[in-house]
Every structure is written in structure tokens, then in C-alpha cells.
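Shown next: model_23.tsv, given as TSV, C-alpha atoms.
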```
chain	number	residue	atom	x	y	z
F	1	MET	CA	34.56	13.40	17.17
F	2	PRO	CA	34.29	13.10	20.93
F	3	LYS	CA	31.01	14.33	22.31
F	4	VAL	CA	29.81	16.37	25.27
F	5	ALA	CA	27.21	14.33	27.14
F	6	ALA	CA	25.21	14.80	30.31
F	7	ASP	CA	24.09	11.86	32.41
F	8	ILE	CA	21.71	12.44	35.29
F	9	SER	CA	19.10	10.64	37.40
F	10	THR	CA	15.72	12.37	37.75
F	11	SER	CA	12.42	11.64	39.43
F	12	LEU	CA	9.28	11.36	37.30
F	13	ASP	CA	8.40	14.88	38.41
F	14	GLY	CA	11.74	16.14	37.11
F	15	PHE	CA	13.83	16.59	40.25
F	16	VAL	CA	17.55	15.79	40.44
F	17	ALA	CA	17.69	16.38	44.22
F	18	GLY	CA	15.14	16.61	47.00
F	19	PRO	CA	14.32	19.75	49.00
F	20	ASN	CA	16.83	21.33	51.41
F	21	ASP	CA	20.01	20.11	49.73
F	22	GLY	CA	23.27	21.27	51.26
F	23	PRO	CA	26.66	20.09	52.57
F	24	ASP	CA	24.99	18.03	55.31
F	25	ASN	CA	22.29	16.75	52.97
F	26	GLY	CA	24.01	16.28	49.61
F	27	LEU	CA	21.04	14.98	47.61
F	28	GLY	CA	18.32	16.80	49.56
F	29	ASP	CA	15.45	15.19	51.48
F	30	GLY	CA	14.58	11.90	49.82
F	31	GLY	CA	17.02	12.58	46.97
F	32	ASP	CA	19.05	9.49	47.77
F	33	ARG	CA	16.16	7.52	46.24
F	34	LEU	CA	17.21	8.79	42.80
F	35	HIS	CA	20.57	7.01	43.02
F	36	GLN	CA	19.40	3.77	44.63
F	37	TRP	CA	19.52	2.00	41.27
F	38	LEU	CA	23.31	2.54	41.27
F	39	TYR	CA	24.46	1.38	44.67
F	40	ASP	CA	24.35	-2.38	44.12
F	41	LEU	CA	25.79	-2.38	40.60
F	42	GLY	CA	29.19	-3.95	40.10
F	43	SER	CA	30.35	-1.14	37.80
F	44	TRP	CA	29.43	1.49	40.43
F	45	ARG	CA	31.03	-0.46	43.29
F	46	GLU	CA	34.25	-0.95	41.32
F	47	ARG	CA	34.59	2.83	40.88
F	48	HIS	CA	34.17	3.25	44.60
F	49	GLY	CA	36.80	0.63	45.46
F	50	LEU	CA	34.26	-2.02	46.43
F	51	GLU	CA	34.07	-5.60	45.21
F	52	GLY	CA	31.13	-7.64	43.93
F	53	GLY	CA	27.79	-6.27	42.87
F	54	GLU	CA	25.18	-6.86	40.22
F	55	ALA	CA	25.54	-7.17	36.45
F	56	GLY	CA	22.73	-6.53	33.96
F	57	ARG	CA	21.41	-3.71	31.81
F	58	ASP	CA	21.75	-0.96	34.43
F	59	ALA	CA	25.37	-1.95	35.13
F	60	GLU	CA	26.13	-1.96	31.39
F	61	VAL	CA	24.69	1.53	30.89
F	62	LEU	CA	26.88	2.82	33.70
F	63	GLU	CA	29.97	0.95	32.51
F	64	GLU	CA	29.51	2.39	29.03
F	65	ALA	CA	29.48	5.93	30.43
F	66	PHE	CA	32.63	5.28	32.48
F	67	ALA	CA	34.46	3.71	29.53
F	68	THR	CA	33.86	6.56	27.09
F	69	THR	CA	34.45	9.52	29.44
F	70	GLY	CA	37.83	11.26	29.57
F	71	ALA	CA	36.98	14.34	31.65
F	72	ILE	CA	34.09	15.69	33.70
F	73	VAL	CA	32.50	19.12	34.19
F	74	LEU	CA	30.39	19.71	37.29
F	75	GLY	CA	29.10	22.59	39.38
F	76	LYS	CA	30.52	24.11	42.56
F	77	ARG	CA	27.28	23.46	44.46
F	78	MET	CA	27.59	19.77	43.68
F	79	PHE	CA	31.27	19.83	44.70
F	80	ASP	CA	30.40	21.56	47.99
F	81	ASN	CA	27.40	19.32	48.71
F	82	ALA	CA	29.62	16.25	48.29
F	83	ARG	CA	32.37	17.93	50.38
F	84	GLY	CA	34.83	17.30	47.53
F	85	TRP	CA	34.24	13.52	47.68
F	86	GLY	CA	36.92	12.97	50.39
F	87	GLU	CA	40.46	11.68	49.85
F	88	GLU	CA	39.82	9.37	46.90
F	89	PRO	CA	36.93	10.59	44.74
F	90	PRO	CA	35.27	8.02	42.43
F	91	PHE	CA	36.11	9.87	39.19
F	92	HIS	CA	39.75	8.84	38.55
F	93	MET	CA	40.10	11.47	35.82
F	94	PRO	CA	40.32	15.28	35.39
F	95	VAL	CA	37.27	17.12	36.78
F	96	PHE	CA	36.51	20.77	35.97
F	97	VAL	CA	34.45	22.57	38.60
F	98	LEU	CA	32.41	25.51	37.32
F	99	THR	CA	32.67	28.43	39.75
F	100	HIS	CA	33.01	32.22	39.97
F	101	ASP	CA	35.47	31.70	42.79
F	102	THR	CA	38.51	30.12	41.11
F	103	ARG	CA	41.40	28.70	43.16
F	104	ASP	CA	44.40	26.38	42.74
F	105	PRO	CA	43.75	22.87	41.40
F	106	LEU	CA	43.24	20.08	43.93
F	107	GLU	CA	45.00	16.79	43.31
F	108	LYS	CA	43.41	13.81	45.07
F	109	ASP	CA	44.31	10.13	45.37
F	110	GLY	CA	43.38	7.74	42.57
F	111	GLY	CA	43.88	10.08	39.62
F	112	THR	CA	41.18	12.70	40.24
F	113	THR	CA	42.25	16.34	39.82
F	114	PHE	CA	39.77	19.16	40.45
F	115	THR	CA	40.40	22.31	38.38
F	116	PHE	CA	38.27	25.36	39.22
F	117	VAL	CA	37.13	27.21	36.14
F	118	GLU	CA	34.89	30.19	35.38
F	119	GLY	CA	32.40	30.15	32.45
F	120	ILE	CA	30.72	27.12	30.87
F	121	GLU	CA	32.44	27.57	27.46
F	122	ASN	CA	35.81	27.73	29.19
F	123	ALA	CA	35.08	24.69	31.36
F	124	VAL	CA	33.95	22.57	28.39
F	125	GLU	CA	36.92	23.70	26.29
F	126	GLN	CA	39.42	22.74	29.00
F	127	ALA	CA	37.62	19.44	29.59
F	128	ARG	CA	37.71	18.66	25.85
F	129	ALA	CA	41.45	19.27	25.78
F	130	ALA	CA	41.97	17.05	28.84
F	131	ALA	CA	39.72	14.27	27.46
F	132	GLY	CA	41.64	13.96	24.19
F	133	ASP	CA	39.77	11.46	21.99
F	134	GLN	CA	37.32	10.55	24.76
F	135	ASP	CA	34.02	12.21	25.65
F	136	VAL	CA	33.35	15.00	28.12
F	137	SER	CA	30.70	14.19	30.73
F	138	ILE	CA	28.61	16.99	32.22
F	139	GLY	CA	28.01	15.56	35.67
F	140	GLY	CA	25.49	18.18	36.85
F	141	GLY	CA	23.91	19.70	38.72
F	142	ALA	CA	20.86	21.00	36.97
F	143	SER	CA	22.17	24.53	36.46
F	144	VAL	CA	25.34	23.34	34.72
F	145	ILE	CA	23.34	21.14	32.34
F	146	GLN	CA	20.95	24.03	31.60
F	147	GLN	CA	23.88	26.38	30.92
F	148	CYS	CA	25.39	23.78	28.62
F	149	ILE	CA	22.15	23.40	26.62
F	150	GLY	CA	21.69	27.18	26.57
F	151	ALA	CA	25.18	27.69	25.13
F	152	GLY	CA	24.61	25.03	22.45
F	153	LEU	CA	27.43	22.89	23.90
F	154	LEU	CA	25.55	19.68	24.76
F	155	ASP	CA	25.54	16.90	22.15
F	156	GLU	CA	23.76	14.25	24.16
F	157	LEU	CA	21.58	13.97	27.24
F	158	GLN	CA	20.93	10.71	29.05
F	159	ILE	CA	18.24	10.76	31.71
F	160	HIS	CA	17.94	7.88	34.16
F	161	LEU	CA	14.24	8.18	34.96
F	162	VAL	CA	13.37	6.84	38.40
F	163	PRO	CA	9.67	5.97	38.97
F	164	VAL	CA	9.13	8.14	42.02
F	165	LEU	CA	7.43	11.49	42.67
F	166	LEU	CA	9.52	13.61	45.08
F	167	GLY	CA	7.08	16.53	45.19
F	168	GLY	CA	9.84	19.13	45.55
F	169	GLY	CA	13.56	19.86	45.28
F	170	VAL	CA	15.89	20.91	42.48
F	171	LEU	CA	14.35	20.65	38.99
F	172	LEU	CA	16.54	19.48	36.11
F	173	PHE	CA	14.83	21.94	33.82
F	174	GLY	CA	13.86	25.28	35.30
F	175	PRO	CA	12.25	28.38	33.86
F	176	ASN	CA	15.56	29.34	32.22
F	177	THR	CA	15.65	26.29	29.95
F	178	ARG	CA	16.05	27.20	26.30
F	179	PRO	CA	13.30	25.65	24.14
F	180	ALA	CA	14.81	22.93	21.96
F	181	GLU	CA	13.86	20.05	19.72
F	182	LEU	CA	15.63	16.82	20.73
F	183	GLU	CA	15.76	13.34	19.25
F	184	CYS	CA	15.30	10.22	21.35
F	185	THR	CA	18.07	7.88	20.18
F	186	ARG	CA	17.88	5.01	22.69
F	187	VAL	CA	15.62	3.64	25.42
F	188	ILE	CA	16.77	0.93	27.81
F	189	ASP	CA	14.44	-0.05	30.61
F	190	SER	CA	14.90	-2.18	33.69
F	191	PRO	CA	12.59	-2.71	36.68
F	192	ALA	CA	14.46	-0.01	38.61
F	193	VAL	CA	14.99	2.76	36.08
F	194	THR	CA	14.44	3.81	32.45
F	195	HIS	CA	17.50	5.10	30.59
F	196	LEU	CA	16.45	7.64	27.95
F	197	ARG	CA	19.10	8.99	25.63
F	198	PHE	CA	18.56	12.11	23.51
F	199	ARG	CA	20.53	13.87	20.80
F	200	VAL	CA	20.42	17.58	21.57
F	201	ALA	CA	20.21	19.90	18.57
F	202	THR	CA	23.01	22.43	18.89
W	1	MET	CA	-11.57	-4.79	38.29
W	2	PRO	CA	-11.71	-1.78	35.99
W	3	LYS	CA	-8.97	0.76	36.62
W	4	VAL	CA	-8.64	4.52	36.79
W	5	ALA	CA	-5.88	5.56	34.39
W	6	ALA	CA	-4.44	8.86	33.23
W	7	ASP	CA	-2.96	9.27	29.77
W	8	ILE	CA	-1.14	12.47	28.91
W	9	SER	CA	1.53	13.84	26.58
W	10	THR	CA	4.36	15.81	28.20
W	11	SER	CA	7.52	17.53	27.07
W	12	LEU	CA	10.87	16.35	28.42
W	13	ASP	CA	10.80	19.32	30.78
W	14	GLY	CA	7.45	18.17	32.13
W	15	PHE	CA	4.94	20.52	30.50
W	16	VAL	CA	1.50	19.40	29.26
W	17	ALA	CA	0.76	22.76	27.63
W	18	GLY	CA	2.84	25.74	26.56
W	19	PRO	CA	2.68	29.23	28.11
W	20	ASN	CA	-0.39	31.49	27.74
W	21	ASP	CA	-2.99	28.74	27.31
W	22	GLY	CA	-6.60	29.87	26.98
W	23	PRO	CA	-9.75	29.54	24.86
W	24	ASP	CA	-7.99	31.06	21.84
W	25	ASN	CA	-4.81	29.08	22.44
W	26	GLY	CA	-5.96	25.71	23.75
W	27	LEU	CA	-2.57	24.05	24.17
W	28	GLY	CA	-0.59	27.24	24.87
W	29	ASP	CA	2.31	28.61	22.84
W	30	GLY	CA	4.11	25.71	21.18
W	31	GLY	CA	1.95	23.17	23.05
W	32	ASP	CA	0.58	21.74	19.82
W	33	ARG	CA	4.00	20.10	19.41
W	34	LEU	CA	3.11	17.71	22.25
W	35	HIS	CA	0.24	16.19	20.27
W	36	GLN	CA	1.91	16.06	16.86
W	37	TRP	CA	2.60	12.34	17.26
W	38	LEU	CA	-1.18	11.78	17.24
W	39	TYR	CA	-2.46	13.69	14.26
W	40	ASP	CA	-1.42	11.28	11.49
W	41	LEU	CA	-2.40	8.09	13.29
W	42	GLY	CA	-5.26	6.06	11.85
W	43	SER	CA	-6.75	5.43	15.30
W	44	TRP	CA	-6.74	9.17	16.10
W	45	ARG	CA	-8.21	10.13	12.72
W	46	GLU	CA	-10.97	7.53	13.01
W	47	ARG	CA	-12.10	9.07	16.32
W	48	HIS	CA	-12.24	12.45	14.63
W	49	GLY	CA	-14.31	11.17	11.68
W	50	LEU	CA	-11.36	11.14	9.26
W	51	GLU	CA	-10.22	8.30	7.03
W	52	GLY	CA	-6.76	6.82	6.47
W	53	GLY	CA	-3.71	7.45	8.57
W	54	GLU	CA	-0.74	5.56	9.91
W	55	ALA	CA	-0.56	2.23	11.74
W	56	GLY	CA	2.31	1.16	14.00
W	57	ARG	CA	3.21	1.18	17.67
W	58	ASP	CA	1.96	4.70	18.42
W	59	ALA	CA	-1.39	3.94	16.78
W	60	GLU	CA	-1.68	0.69	18.77
W	61	VAL	CA	-1.03	2.44	22.10
W	62	LEU	CA	-3.76	4.93	21.29
W	63	GLU	CA	-6.18	2.27	20.05
W	64	GLU	CA	-5.66	0.28	23.25
W	65	ALA	CA	-6.58	3.31	25.36
W	66	PHE	CA	-9.72	3.95	23.30
W	67	ALA	CA	-10.77	0.28	23.45
W	68	THR	CA	-10.55	-0.07	27.23
W	69	THR	CA	-12.08	3.27	28.27
W	70	GLY	CA	-15.76	3.53	29.23
W	71	ALA	CA	-15.86	7.06	30.67
W	72	ILE	CA	-13.62	10.10	30.98
W	73	VAL	CA	-12.93	12.67	33.70
W	74	LEU	CA	-11.41	16.00	32.70
W	75	GLY	CA	-11.06	19.53	34.04
W	76	LYS	CA	-13.16	22.61	33.33
W	77	ARG	CA	-10.12	24.58	32.12
W	78	MET	CA	-9.49	21.89	29.51
W	79	PHE	CA	-13.18	21.94	28.53
W	80	ASP	CA	-13.13	25.74	28.21
W	81	ASN	CA	-9.81	25.83	26.33
W	82	ALA	CA	-11.24	23.34	23.79
W	83	ARG	CA	-14.51	25.33	23.66
W	84	GLY	CA	-16.40	22.11	24.43
W	85	TRP	CA	-15.00	20.38	21.32
W	86	GLY	CA	-17.79	21.69	19.04
W	87	GLU	CA	-20.85	19.77	17.84
W	88	GLU	CA	-19.35	16.28	17.70
W	89	PRO	CA	-16.57	15.81	20.26
W	90	PRO	CA	-14.09	12.95	19.65
W	91	PHE	CA	-14.93	11.07	22.88
W	92	HIS	CA	-18.14	9.19	21.95
W	93	MET	CA	-18.74	8.26	25.61
W	94	PRO	CA	-19.76	9.87	28.93
W	95	VAL	CA	-17.41	12.66	30.03
W	96	PHE	CA	-17.40	14.09	33.56
W	97	VAL	CA	-16.13	17.67	33.82
W	98	LEU	CA	-14.66	18.63	37.20
W	99	THR	CA	-15.87	22.10	38.18
W	100	HIS	CA	-17.07	24.21	41.12
W	101	ASP	CA	-19.69	25.68	38.82
W	102	THR	CA	-22.06	22.79	38.09
W	103	ARG	CA	-24.76	23.07	35.43
W	104	ASP	CA	-27.09	20.83	33.41
W	105	PRO	CA	-25.52	18.02	31.35
W	106	LEU	CA	-24.71	18.73	27.71
W	107	GLU	CA	-25.58	16.08	25.15
W	108	LYS	CA	-23.59	16.31	21.92
W	109	ASP	CA	-23.67	14.42	18.62
W	110	GLY	CA	-21.90	11.07	18.35
W	111	GLY	CA	-22.54	9.78	21.88
W	112	THR	CA	-20.59	12.28	23.99
W	113	THR	CA	-22.40	13.61	27.08
W	114	PHE	CA	-20.72	16.17	29.33
W	115	THR	CA	-21.78	15.99	32.99
W	116	PHE	CA	-20.52	18.78	35.27
W	117	VAL	CA	-19.46	17.49	38.68
W	118	GLU	CA	-17.87	18.95	41.82
W	119	GLY	CA	-15.12	17.10	43.70
W	120	ILE	CA	-12.61	14.57	42.34
W	121	GLU	CA	-13.97	11.63	44.41
W	122	ASN	CA	-17.46	12.37	43.15
W	123	ALA	CA	-16.33	12.71	39.53
W	124	VAL	CA	-14.40	9.42	39.61
W	125	GLU	CA	-17.27	7.62	41.34
W	126	GLN	CA	-19.80	8.76	38.74
W	127	ALA	CA	-17.39	7.91	35.92
W	128	ARG	CA	-16.84	4.42	37.38
W	129	ALA	CA	-20.59	3.83	37.44
W	130	ALA	CA	-20.97	5.05	33.85
W	131	ALA	CA	-18.00	2.97	32.63
W	132	GLY	CA	-19.38	-0.32	33.95
W	133	ASP	CA	-16.75	-3.00	33.39
W	134	GLN	CA	-14.52	-0.66	31.39
W	135	ASP	CA	-11.80	1.69	32.65
W	136	VAL	CA	-12.08	5.33	33.64
W	137	SER	CA	-9.67	7.64	31.83
W	138	ILE	CA	-8.44	10.81	33.54
W	139	GLY	CA	-7.99	13.03	30.52
W	140	GLY	CA	-6.29	15.95	32.28
W	141	GLY	CA	-5.33	18.65	32.70
W	142	ALA	CA	-2.44	18.57	35.09
W	143	SER	CA	-4.44	19.73	38.10
W	144	VAL	CA	-7.03	16.96	37.73
W	145	ILE	CA	-4.31	14.29	37.51
W	146	GLN	CA	-2.56	15.76	40.58
W	147	GLN	CA	-5.84	15.77	42.52
W	148	CYS	CA	-6.44	12.17	41.51
W	149	ILE	CA	-2.98	11.07	42.72
W	150	GLY	CA	-3.38	13.12	45.90
W	151	ALA	CA	-6.69	11.43	46.69
W	152	GLY	CA	-5.22	7.96	46.08
W	153	LEU	CA	-7.63	7.37	43.18
W	154	LEU	CA	-5.21	6.82	40.31
W	155	ASP	CA	-4.25	3.21	39.50
W	156	GLU	CA	-2.17	3.86	36.41
W	157	LEU	CA	-0.39	6.74	34.72
W	158	GLN	CA	0.77	6.64	31.10
W	159	ILE	CA	3.03	9.45	29.97
W	160	HIS	CA	3.66	9.99	26.28
W	161	LEU	CA	7.07	11.64	26.52
W	162	VAL	CA	7.81	13.95	23.59
W	163	PRO	CA	11.51	14.78	23.00
W	164	VAL	CA	11.17	18.54	23.16
W	165	LEU	CA	11.97	21.23	25.72
W	166	LEU	CA	9.19	23.84	25.85
W	167	GLY	CA	10.90	26.05	28.47
W	168	GLY	CA	7.58	27.09	30.07
W	169	GLY	CA	3.86	26.43	30.37
W	170	VAL	CA	1.70	24.16	32.52
W	171	LEU	CA	3.68	21.51	34.45
W	172	LEU	CA	2.15	18.04	34.85
W	173	PHE	CA	3.54	17.84	38.36
W	174	GLY	CA	3.53	21.04	40.36
W	175	PRO	CA	4.56	21.88	43.90
W	176	ASN	CA	1.34	20.28	45.21
W	177	THR	CA	2.23	16.80	43.98
W	178	ARG	CA	2.08	14.20	46.74
W	179	PRO	CA	5.35	12.23	47.02
W	180	ALA	CA	4.77	8.67	45.82
W	181	GLU	CA	6.60	5.52	44.84
W	182	LEU	CA	5.51	4.24	41.41
W	183	GLU	CA	6.35	1.17	39.37
W	184	CYS	CA	7.24	1.34	35.70
W	185	THR	CA	5.25	-1.47	34.12
W	186	ARG	CA	5.78	-0.90	30.39
W	187	VAL	CA	7.93	1.12	28.00
W	188	ILE	CA	7.15	1.39	24.29
W	189	ASP	CA	9.29	3.69	22.19
W	190	SER	CA	8.94	4.97	18.67
W	191	PRO	CA	10.91	7.67	16.84
W	192	ALA	CA	8.27	10.26	17.73
W	193	VAL	CA	7.45	9.53	21.36
W	194	THR	CA	8.19	7.24	24.33
W	195	HIS	CA	5.16	5.70	26.06
W	196	LEU	CA	5.92	5.13	29.75
W	197	ARG	CA	3.34	3.33	31.84
W	198	PHE	CA	3.41	3.37	35.64
W	199	ARG	CA	1.44	1.65	38.38
W	200	VAL	CA	0.62	4.25	41.00
W	201	ALA	CA	0.68	3.09	44.63
W	202	THR	CA	-2.63	4.06	46.17
```
If you convert what's in this file into C-alpha cells, what do you get?
Amino acid sequence: MPKVAADISTSLDGFVAGPNDGPDNGLGDGGDRLHQWLYDLGSWRERHGLEGGEAGRDAEVLEEAFATTGAIVLGKRMFDNARGWGEEPPFHMPVFVLTHDTRDPLEKDGGTTFTFVEGIENAVEQARAAAGDQDVSIGGGASVIQQCIGAGLLDELQIHLVPVLLGGGVLLFGPNTRPAELECTRVIDSPAVTHLRFRVAT
Amino acid sequence: MPKVAADISTSLDGFVAGPNDGPDNGLGDGGDRLHQWLYDLGSWRERHGLEGGEAGRDAEVLEEAFATTGAIVLGKRMFDNARGWGEEPPFHMPVFVLTHDTRDPLEKDGGTTFTFVEGIENAVEQARAAAGDQDVSIGGGASVIQQCIGAGLLDELQIHLVPVLLGGGVLLFGPNTRPAELECTRVIDSPAVTHLRFRVAT
């Protein structure tokens, strides 16, 4: 059965974005550091319409996530901070944006459609239907992943742990996190980042 | 040259103790879960005067830490919460307790001496002298490790990452953490816990 999986880069002190994130500062102060491991990878560049790039374990982990994902759920804050990812977003698949302020779907170039949906159960259900026999990826941000765990909807969590202390910003797990027992199912490490995969008890 | 290294178990959401920690609840509510990976290990049991126990990767990681450590620095809150570890503490070496409220040293059975010291630089300096050509271990709690990083005194940090979400308690890294670039130098994973070792830029 297809799974619902979250994939997110965090600092060692648990932040997914630096302080002062907003539409002019998408990842917050210093938050860009969390995604540095991605930018030179061939599999990342290909998604963004760029040629070349590095192979290796990090590229394979990313490629695997791309290959198995059929639809994405992400939060409105993330959508706003990225300004809707311009004319041709790097997703190339249906994306469901969690928001209280629903509106008409947005069709972009390259196969990405943004559908604005209220309620995490509703968003995941629609994403499951759109993904067919592929997985649903919970793209973030932190609040959406927390809601997903809280509602018992998350099957798998993969954290890309970056060896940096940001000292502030947006925490992946906040005080509203539901206590849970997880199972570490895979660890892949490279010099740049450690990929930790967990099965989430639901 | 001997190093100053911190070794601590944390939950996936970054807690080193559960909520409501205190002298009657040393590790806080649910915090005992963070140390469960230790209790059945032969190397842990030996330190606590018990026979038998498990071998394997987790036991080796622990044995390595014991073998290279010549003195320990830890915080007064940790000392109080453990009620001084009774008549024969499991350290069997000099321990320096960081406190504003200094008092005479306490000599316990089995080779553990507690010396009460003010100031992190002072504590680490005295521990270095006591350790000779062995390493100094920063035993915690969170505040002592943060102070050590903030003062540029920590060479190495090893986190034993336990696949559980506690949802609250004492965070290893709080809002006073100094931003820093680290280097992940070793990853050892077992079904129970992932041991992540970092070089800390000082």
C-alpha cells in the first residue's frame, strides 16, 4: 500500500528554517545552509531544469524520494515563503496546499498543479487519490508534519540531519508534538548530511 | 592531545529529560526511555557492579567512552536529581560538579570524588589536570553542554539518538545555543539507538 512520508532537512538543534522567515527570506536567516547538500546533486538539478551535478549516496536518496512520490502536501506558509515557486515549480506533480483560505486551483508549467485544501485529513485523502499507487510526500513545513503525526496519518519520516547549530528559527518538533514511539529503519550517512529514516507508529 | 567530549542521549525531538524533572524524578516524565538502550549492556552493568549483559555495537560505543575518559564534568542539577548517586557512584574517577554554591569535595566508595567548582572554564581546566593524558567527558545536563560549546571548549559531541518523541522536557539545545558549524565524523546505528559523533569547531 502506498505510504505517507515526510522528508525534511533539519539542523542538529532541530530547526527546519532559520529565524525571521518570510516571503523575502524563504528559509530564514542562515536556513539556506540546511539545503546546501542538495544544490549540487544531479537529481536535484534535473528537477530544476539544470544539467550536470553530482552522483553518490545523497543524490540516490533524493532520487528515490522523487521516484516513489505521486503527490505532495505542504503548508500555506511554505507556499507563500517560496512565492509559489514561480512559473515552473520543481514538483511536476499534484501539490495540495493546506490552508484555511481556500481558492481555485493553480495550474503551472511542467505538470505542477496547486490545489488549496482545508484540514490535514482532507489534504492527505485528496493527495492519496491523486497519487494512485505512488506515495504521498508531506513536504513541510514543521506545522504540517506535526499535524500529520498528531492525526496518526504519517507512516514514515525521513530527516536529513545537517551538522550545524542554527541557534534559532522554526523547530521541526514544537511543544504540540504528540509523544510517540518510532522505529529507525535506515541510516545513510555522507560527509554532508545523515539521512535517518523512521517508521512512525500510527 | 586529550579531548573534551560530551556524550548524551536525546529523543528525536531533542530532549535529554522529560517534563517535571527533579530529585524524585531524575530523568523527568518518560525520560527513562532515553537510557533504556543502556540498561542491558554488559559494559553498563559492569560499571554498576552487576554481572552479565549484552555485547554488540551499543556496548562497544559505551565501553570506548569509559576507556578513554579520565575525568567528568557535570551540572549541579544533574547531581541533585541523581541524589549524588548514593554510596558508590558508577563513575570511579574524579567528577567536577559545576555550581555557584561551592563546598568541600565529597569522596565516595569505588574511586569517585565529587569536586564542586564555579565557572565552566575552571571546571574543564581542573578536569583536564585530573584526567592527565585521558579525555574529559562532559556528562551533562543540557546547560553544561551549551556553556561548553558557547565557551569554545568542546572538541567533540556524541549524541545517542533514541527514536522516540517525548513532546516536552529539557532540550539539549535551547535558545542560548551559539550557532556553529560541526562535522559529522562517525555514525553507528543499532536497532535501539543511532550514535552520531561530531567534531565541534572551536
Name the closest residue to Asp13 (chain F) among the candidates W:Ala180, W:His195, W:Val95, W:Asp189; distances are taken between atoms, counting all atoms listed in the file.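 So, comparing all the options, the nearest one is W:Ala180.
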Give as number ranges by chain every residue of chain F that touches chain W within 9 Å, counting all atoms listed in the file. F: 12-14, 162-168, 172-194, 198
Sel. within 12 Å of pt (32.1, 18.4, 46.0), counting all atoms listed in the file, output as an mmCIF file with C-alpha atoms, in the coordinates of the input:
```
data_model
loop_
_atom_site.group_PDB
_atom_site.id
_atom_site.type_symbol
_atom_site.label_atom_id
_atom_site.label_comp_id
_atom_site.auth_asym_id
_atom_site.auth_seq_id
_atom_site.Cartn_x
_atom_site.Cartn_y
_atom_site.Cartn_z
ATOM 1 C CA GLY F 22 23.270 21.270 51.260
ATOM 2 C CA PRO F 23 26.660 20.090 52.570
ATOM 3 C CA ASP F 24 24.990 18.030 55.310
ATOM 4 C CA GLY F 26 24.010 16.280 49.610
ATOM 5 C CA LEU F 27 21.040 14.980 47.610
ATOM 6 C CA VAL F 73 32.500 19.120 34.190
ATOM 7 C CA LEU F 74 30.390 19.710 37.290
ATOM 8 C CA GLY F 75 29.100 22.590 39.380
ATOM 9 C CA LYS F 76 30.520 24.110 42.560
ATOM 10 C CA ARG F 77 27.280 23.460 44.460
ATOM 11 C CA MET F 78 27.590 19.770 43.680
ATOM 12 C CA PHE F 79 31.270 19.830 44.700
ATOM 13 C CA ASP F 80 30.400 21.560 47.990
ATOM 14 C CA ASN F 81 27.400 19.320 48.710
ATOM 15 C CA ALA F 82 29.620 16.250 48.290
ATOM 16 C CA ARG F 83 32.370 17.930 50.380
ATOM 17 C CA GLY F 84 34.830 17.300 47.530
ATOM 18 C CA TRP F 85 34.240 13.520 47.680
ATOM 19 C CA GLY F 86 36.920 12.970 50.390
ATOM 20 C CA GLU F 87 40.460 11.680 49.850
ATOM 21 C CA GLU F 88 39.820 9.370 46.900
ATOM 22 C CA PRO F 89 36.930 10.590 44.740
ATOM 23 C CA PRO F 90 35.270 8.020 42.430
ATOM 24 C CA PHE F 91 36.110 9.870 39.190
ATOM 25 C CA VAL F 95 37.270 17.120 36.780
ATOM 26 C CA PHE F 96 36.510 20.770 35.970
ATOM 27 C CA VAL F 97 34.450 22.570 38.600
ATOM 28 C CA LEU F 98 32.410 25.510 37.320
ATOM 29 C CA THR F 99 32.670 28.430 39.750
ATOM 30 C CA LEU F 106 43.240 20.080 43.930
ATOM 31 C CA PHE F 114 39.770 19.160 40.450
ATOM 32 C CA THR F 115 40.400 22.310 38.380
ATOM 33 C CA PHE F 116 38.270 25.360 39.220
ATOM 34 C CA GLY F 139 28.010 15.560 35.670
ATOM 35 C CA GLY F 140 25.490 18.180 36.850
ATOM 36 C CA GLY F 141 23.910 19.700 38.720
#
```
Separating CA of Phe15 (chain F) from CA of Arg57 (chain F), to the nearest tenth of an Å, is a gap of 23.3 Å
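The gap separating CA of Gly52 (chain F) from CA of Thr10 (chain F) is 26.0 Å, in Å to one decimal.
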Option closest in space to Val16 (chain F), from F:Val61, F:Cys148, F:Val170, F:Leu41 [counting only C-alpha atoms]: F:Val170
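Distance annotation: of W:Asn25, W:Ala129, W:Leu62, W:Glu118, the residue with the minimal separation from Ser43 (chain W) is W:Leu62; atom set is only C-alpha atoms.
Coordinates place CA of His92 (chain W) at a distance of 14.5 Å from CA of Leu50 (chain W).
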Within 10 Å of Thr69 (chain F), counting only C-alpha atoms, which residues qualify if same-chain residues fewer than 4 places away don't, as a PyMOL selection string? chain F and resi 2-5+64-65+91+93+131-138
Just the selected residues (C-alpha atoms), exported as a PDB file, in the frame of the given file, please.
```
ATOM      1  CA  PRO F   2      34.290  13.100  20.930  1.00  0.00           C
ATOM      2  CA  LYS F   3      31.010  14.330  22.310  1.00  0.00           C
ATOM      3  CA  VAL F   4      29.810  16.370  25.270  1.00  0.00           C
ATOM      4  CA  ALA F   5      27.210  14.330  27.140  1.00  0.00           C
ATOM      5  CA  GLU F  64      29.510   2.390  29.030  1.00  0.00           C
ATOM      6  CA  ALA F  65      29.480   5.930  30.430  1.00  0.00           C
ATOM      7  CA  PHE F  91      36.110   9.870  39.190  1.00  0.00           C
ATOM      8  CA  MET F  93      40.100  11.470  35.820  1.00  0.00           C
ATOM      9  CA  ALA F 131      39.720  14.270  27.460  1.00  0.00           C
ATOM     10  CA  GLY F 132      41.640  13.960  24.190  1.00  0.00           C
ATOM     11  CA  ASP F 133      39.770  11.460  21.990  1.00  0.00           C
ATOM     12  CA  GLN F 134      37.320  10.550  24.760  1.00  0.00           C
ATOM     13  CA  ASP F 135      34.020  12.210  25.650  1.00  0.00           C
ATOM     14  CA  VAL F 136      33.350  15.000  28.120  1.00  0.00           C
ATOM     15  CA  SER F 137      30.700  14.190  30.730  1.00  0.00           C
ATOM     16  CA  ILE F 138      28.610  16.990  32.220  1.00  0.00           C
TER      17      ILE F 138
END
```
Counting all atoms listed in the file, the option among W:His160, W:Asp104, W:Val124, W:Thr113 closest to Leu34 (chain W): W:His160
Which of these, W:Ala71, W:Ala142, W:Leu38, W:Ala151, has the shortest distance to Gly111 (chain W) once you count only C-alpha atoms?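 Closest residue, counting only C-alpha atoms: W:Ala71.
Shortest separation to Tyr39 (chain W) among W:Leu153, W:Val144, W:Ala130, W:Ala59 occurs at residue W:Ala59, atoms counted being all atoms listed in the file.
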